[in-house]
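*Asks:* Enclosed is the structure file input_10.txt (compact mmCIF, C-alpha atoms).
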# COMPACT_ATOMS: atom_id res chain seq x y z
CA MET A 134 23.04 42.16 -5.07
CA ASN A 135 24.27 41.79 -8.65
CA SER A 136 21.99 43.24 -11.32
CA ASP A 137 23.98 41.68 -14.18
CA ILE A 138 22.69 38.14 -13.71
CA PRO A 139 21.48 36.88 -17.06
CA VAL A 140 17.88 35.80 -17.36
CA THR A 141 18.60 33.49 -20.30
CA GLY A 142 21.64 31.68 -18.91
CA ARG A 143 24.01 33.80 -21.00
CA THR A 144 26.18 36.67 -19.90
CA ALA A 145 25.94 40.12 -21.46
CA GLU A 146 28.85 39.12 -23.73
CA GLY A 147 26.90 36.07 -24.99
CA ALA A 148 28.95 33.43 -23.19
CA ILE A 149 27.02 30.65 -21.49
CA SER A 150 26.82 31.16 -17.73
CA SER A 151 28.15 28.40 -15.46
CA LEU A 152 25.53 29.22 -12.83
CA THR A 153 22.16 27.56 -12.34
CA HIS A 154 19.39 30.17 -12.19
CA VAL A 155 16.11 29.75 -10.30
CA GLU A 156 13.16 32.10 -10.80
CA LEU A 157 11.27 32.75 -7.58
CA THR A 158 7.81 34.31 -7.37
CA PHE A 159 5.92 35.52 -4.33
CA ILE A 160 2.29 36.61 -4.66
CA PRO A 161 0.82 36.13 -1.17
CA LYS A 162 -1.82 33.40 -0.95
CA ARG A 163 -1.56 32.71 -4.72
CA VAL A 164 1.97 31.76 -5.80
CA GLU A 165 4.88 31.20 -3.46
CA PHE A 166 8.18 29.81 -4.77
CA TRP A 167 11.08 29.92 -2.33
CA ILE A 168 14.47 28.41 -1.58
CA ARG A 169 14.36 26.30 1.59
CA PHE A 170 18.14 25.86 1.74
CA GLY A 171 21.19 26.41 -0.43
CA ARG A 172 24.02 28.89 -0.83
CA ILE A 173 22.92 31.62 -3.21
CA ALA A 174 25.86 32.88 -5.30
CA GLU A 175 24.03 35.76 -7.00
CA GLU A 176 20.62 37.37 -6.85
CA LYS A 177 18.71 39.67 -9.16
CA THR A 178 15.39 41.33 -8.36
CA LEU A 179 13.15 41.51 -11.43
CA ASP A 180 10.23 43.31 -9.77
CA ARG A 181 8.36 43.39 -6.45
CA ARG A 182 7.22 39.81 -6.82
CA ARG A 183 9.95 38.08 -8.79
CA ARG A 184 13.66 37.51 -8.44
CA ILE A 185 16.29 35.19 -9.83
CA VAL A 186 18.77 33.45 -7.56
CA SER A 187 21.80 31.62 -8.89
CA PHE A 188 23.87 28.72 -7.61
CA THR A 189 27.39 27.59 -8.48
CA SER A 190 28.15 24.15 -9.90
CA ASN A 191 27.68 21.24 -7.47
CA SER A 192 25.68 23.38 -5.03
CA ILE A 193 22.71 21.60 -3.49
CA PHE A 194 19.52 23.55 -2.92
CA ALA A 195 15.83 22.99 -2.23
CA LEU A 196 13.11 24.75 -4.22
CA VAL A 197 9.59 24.76 -2.76
CA ARG A 198 6.68 25.65 -5.04
CA TRP A 199 3.16 26.28 -3.83
CA ALA A 200 0.21 27.77 -5.69
CA ALA A 201 -3.49 28.18 -4.99
CA ASN A 202 -6.65 29.53 -6.61
CA GLU A 203 -10.09 30.40 -5.26
CA HIS A 204 -10.76 26.68 -4.64
CA GLY A 205 -7.60 26.00 -2.62
CA THR A 206 -4.11 24.59 -3.18
CA ILE A 207 -3.40 23.52 -6.74
CA ILE A 208 0.29 22.62 -6.39
CA SER A 209 2.67 21.75 -3.55
CA ARG A 210 6.10 20.58 -4.66
CA ILE A 211 9.63 20.37 -3.36
CA ASP A 212 12.71 19.70 -5.47
CA ILE A 213 16.17 19.17 -4.03
CA LEU A 214 18.64 19.67 -6.84
CA ARG A 215 22.36 19.72 -7.45
CA ALA A 216 23.45 22.52 -9.75
CA VAL A 217 25.31 20.99 -12.70
CA SER A 218 28.56 22.00 -14.32
CA GLN A 219 28.67 23.28 -17.88
CA GLY A 220 28.44 20.35 -20.32
CA GLU A 221 27.12 17.94 -17.68
CA ALA A 222 23.85 16.07 -18.25
CA PHE A 223 20.84 17.44 -16.38
CA SER A 224 17.08 17.12 -16.02
CA THR A 225 14.85 20.04 -16.83
CA VAL A 226 12.87 21.46 -13.93
CA PRO A 227 10.33 24.28 -14.22
CA PHE A 228 11.76 27.67 -13.24
CA VAL A 229 15.33 26.26 -13.07
CA ARG A 230 17.75 27.08 -15.91
CA PRO A 231 19.29 25.13 -17.37
CA GLY A 232 18.10 22.39 -14.98
CA GLY A 233 19.78 20.20 -12.42
CA ASP A 234 20.56 16.78 -11.05
CA ILE A 235 17.34 15.81 -9.26
CA LEU A 236 18.03 14.36 -5.83
CA LEU A 237 14.48 14.59 -4.49
CA ARG A 238 11.22 15.49 -6.21
CA LEU A 239 7.95 15.24 -4.33
CA ASN A 240 4.47 16.69 -4.73
CA SER A 241 1.37 16.88 -2.50
CA TRP A 242 1.49 18.77 0.76
CA PRO A 243 1.77 15.69 3.06
CA ARG A 244 4.93 14.52 1.25
CA VAL A 245 6.34 18.04 0.99
CA GLU A 246 5.77 18.52 4.71
CA ARG A 247 7.58 15.26 5.50
CA ALA A 248 10.50 16.33 3.31
CA LEU A 249 10.64 19.68 5.13
CA ARG A 250 10.75 17.77 8.43
CA ALA A 251 13.67 15.67 7.10
CA ILE A 252 15.48 18.92 6.28
CA ASP A 253 14.74 20.17 9.80
CA THR A 254 16.27 17.02 11.33
CA VAL A 255 19.50 17.53 9.36
CA GLU A 256 19.67 21.12 10.64
CA ALA A 257 18.91 19.93 14.18
CA ILE A 258 22.20 18.00 14.32
CA GLY A 259 24.10 21.12 13.26
CA ILE A 260 24.63 20.30 9.58
CA ASP A 261 23.65 22.62 6.75
CA PRO A 262 21.33 20.58 4.47
CA ALA A 263 23.30 21.91 1.48
CA ASP A 264 26.33 20.02 2.85
CA ALA A 265 24.51 16.72 3.43
CA ALA A 266 25.36 13.75 1.22
CA PRO A 267 23.40 13.84 -2.06
CA ASP A 268 22.67 10.12 -1.56
CA TYR A 269 20.74 11.00 1.58
CA TRP A 270 18.33 13.21 -0.36
CA ARG A 271 17.84 10.38 -2.88
CA HIS A 272 17.11 8.06 0.05
CA VAL A 273 14.54 10.52 1.45
CA HIS A 274 12.93 10.77 -1.99
CA ASN A 275 12.66 6.99 -2.35
CA ARG A 276 11.29 6.40 1.14
CA LEU A 277 8.72 9.21 1.04
CA THR A 278 7.58 8.21 -2.45
CA VAL A 279 6.51 4.79 -1.14
CA GLY A 280 5.10 6.16 2.12
CA SER A 281 7.91 4.99 4.41
CA ALA A 282 9.83 7.04 6.93
CA PRO A 283 13.37 7.93 5.88
CA ARG A 284 16.26 6.97 8.13
CA PRO A 285 17.60 10.02 9.94
CA TYR A 286 20.79 11.69 8.76
CA THR A 287 23.48 11.21 11.39
CA ARG A 288 26.80 12.82 12.21
CA GLN A 289 28.48 9.45 11.41
CA ARG A 290 26.87 9.34 7.96
CA HIS A 291 27.95 12.92 7.35
CA ASP A 292 31.53 12.18 8.44
CA ALA A 293 31.59 9.19 6.05
CA TRP A 294 30.38 11.49 3.24
CA LEU A 295 33.15 13.99 4.01
CA LEU A 296 35.77 11.22 3.93
CA ARG A 297 34.36 9.90 0.64
CA GLN A 298 34.70 13.36 -0.88
CA LYS A 299 38.39 13.46 0.04
CA VAL A 300 39.17 10.22 -1.83
CA MET A 301 36.91 10.76 -4.85
CA PRO A 302 38.77 11.80 -8.02
Would you write the structure of this file as structure tokens?
*Replies:*
Amino acid sequence: MNSDIPVTGRTAEGAISSLTHVELTFIPKRVEFWIRFGRIAEEKTLDRRRRIVSFTSNSIFALVRWAANEHGTIISRIDILRAVSQGEAFSTVPFVRPGGDILLRLNSWPRVERALRAIDTVEAIGIDPADAAPDYWRHVHNRLTVGSAPRPYTRQRHDAWLLRQKVMP
């Protein structure tokens, strides 16, 4: 664990960090923010309930946010993001600094649950969801937003994505 991860997106020397930082909170039965998948490059524990995880440029990760009060759930959200490179355009996302390329963004527990099942199906064929084609996560977002079932991710689609990466400049 690296305790030198900047909270503000800058290193101790003042240079801008090339990592994307995500603040996670865990207060049982009140606030639960967690990473569903993604390759964490660095991690810093702030206190018992909070930590910051960081991702390198072009990493894909899923952030799940859930919160409740005495009346029940007040937020259920999942964001699948691609960490951006320094100088690249990005969208701001709460608890993600500086932000990211949004591949999927859903709220309400039924949609979040369906997105989690889509992630499970990618894992079931032996592929790390962080390695899946970004276009697939956009597809899942679009289909779930309109209440349709997404097409499953297949080994053939993944192989096509890997070939496309080899020929892309």
*Asks:* Take CA of Leu236 (chain A) and CA of Ala195 (chain A) and report the distance between them in Å, one decimal.
*Replies:* 9.6 Å
*Asks:* From the options A:His154, A:Lys177, A:Arg271, A:Arg169, which residue's atoms come nearest to Pro283 (chain A), counting only C-alpha atoms?
*Replies:*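 Of the candidates, the smallest distance to Pro283 (chain A) is held by A:Arg271.
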*Asks:* Suppose you want the space between CA of Gly280 (chain A) and CA of Thr225 (chain A); what is it in Å?
*Replies:*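 Pair CA of Gly280 (chain A) / CA of Thr225 (chain A) returns 25.4 Å.
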*Asks:* Nearest to Asp264 (chain A): which of A:Val245, A:Leu296, A:Ile193, A:Val164 is it, counting all atoms listed in the file?
*Replies:*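 Of the candidates, the smallest distance to Asp264 (chain A) is held by A:Ile193.
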*Asks:* So what do you get for CA of Gln219 (chain A) versus CA of Leu152 (chain A), distance-wise?
*Replies:*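 Going from CA of Gln219 (chain A) over to CA of Leu152 (chain A) covers 8.4 Å.
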*Asks:* My list of candidates is A:Arg284, A:His291, A:His272, A:Val226. Which is closest to Ile258 (chain A) when distances are computed with only C-alpha atoms?
*Replies:*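 Among the listed residues, A:His291 lies closest to Ile258 (chain A).
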*Asks:* Residues within 6 Å of (16.6, 17.1, -8.5), file coordinates, counting all atoms listed in the file: what are they? Give the list as an NGL selection string.
*Replies:* :A and (212-214 or 233-237)
*Asks:* Can you pull out the residues contacting Arg290 (chain A)? Cut-off 12 Å, using all atoms listed in the file, and skip same-chain residues under 2 positions away; I want them as a list of chain:residue names.
*Replies:*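 Result of the neighbour search: A:Val255, A:Ile258, A:Ile260, A:Asp264, A:Ala265, A:Ala266, A:Pro267, A:Asp268, A:Tyr269, A:Arg284, A:Pro285, A:Tyr286, A:Thr287, A:Arg288, A:Asp292, A:Ala293, A:Trp294, A:Leu295, A:Leu296, A:Arg297.
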*Asks:* With all atoms listed in the file as the basis for distance, which of A:Thr158, A:Thr178, A:Ser190, A:Ser241 is at the shortest distance from Ser209 (chain A)?
*Replies:*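 Nearest to Ser209 (chain A): A:Ser241.
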*Asks:* Hey, which bits of region 183-254 of chain A sit within 6 Å of region 172-176 of chain A, and for each residue what's the closest pair of atoms and how far apart in Å (one decimal), counting all atoms listed in the file, rows by chain and increasing number, as JSON lines?
*Replies:*
{"residue": "A:Ile185", "atom": "CA", "partner": "A:Glu176", "partner_atom": "CA", "distance": 5.7}
{"residue": "A:Val186", "atom": "CA", "partner": "A:Glu176", "partner_atom": "CA", "distance": 4.4}
{"residue": "A:Ser187", "atom": "CA", "partner": "A:Glu175", "partner_atom": "CA", "distance": 5.1}
{"residue": "A:Phe188", "atom": "CA", "partner": "A:Ala174", "partner_atom": "CA", "distance": 5.2}
*Asks:* For Pro243 (chain A), which of A:Val229, A:Glu156, A:Leu277, A:Arg215 is the closest residue, counting all atoms listed in the file?
*Replies:* A:Leu277
*Asks:* Box in all listed atoms of region 203-220 of chain A, axis-aligned, with 8 Å more on each side; write out centre and edge lengths in Å to one decimal as AutoDock Vina command-line options.
*Replies:*
--center_x 9.0 --center_y 24.8 --center_z -11.5 --size_x 55.4 --size_y 27.2 --size_z 33.7
*Asks:* Which one is closest to Gly205 (chain A): A:Arg181, A:Lys162, A:Arg247, A:Arg230? Count all atoms listed in the file.
*Replies:*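 Checking each candidate against Gly205 (chain A), we get A:Lys162 as the closest.
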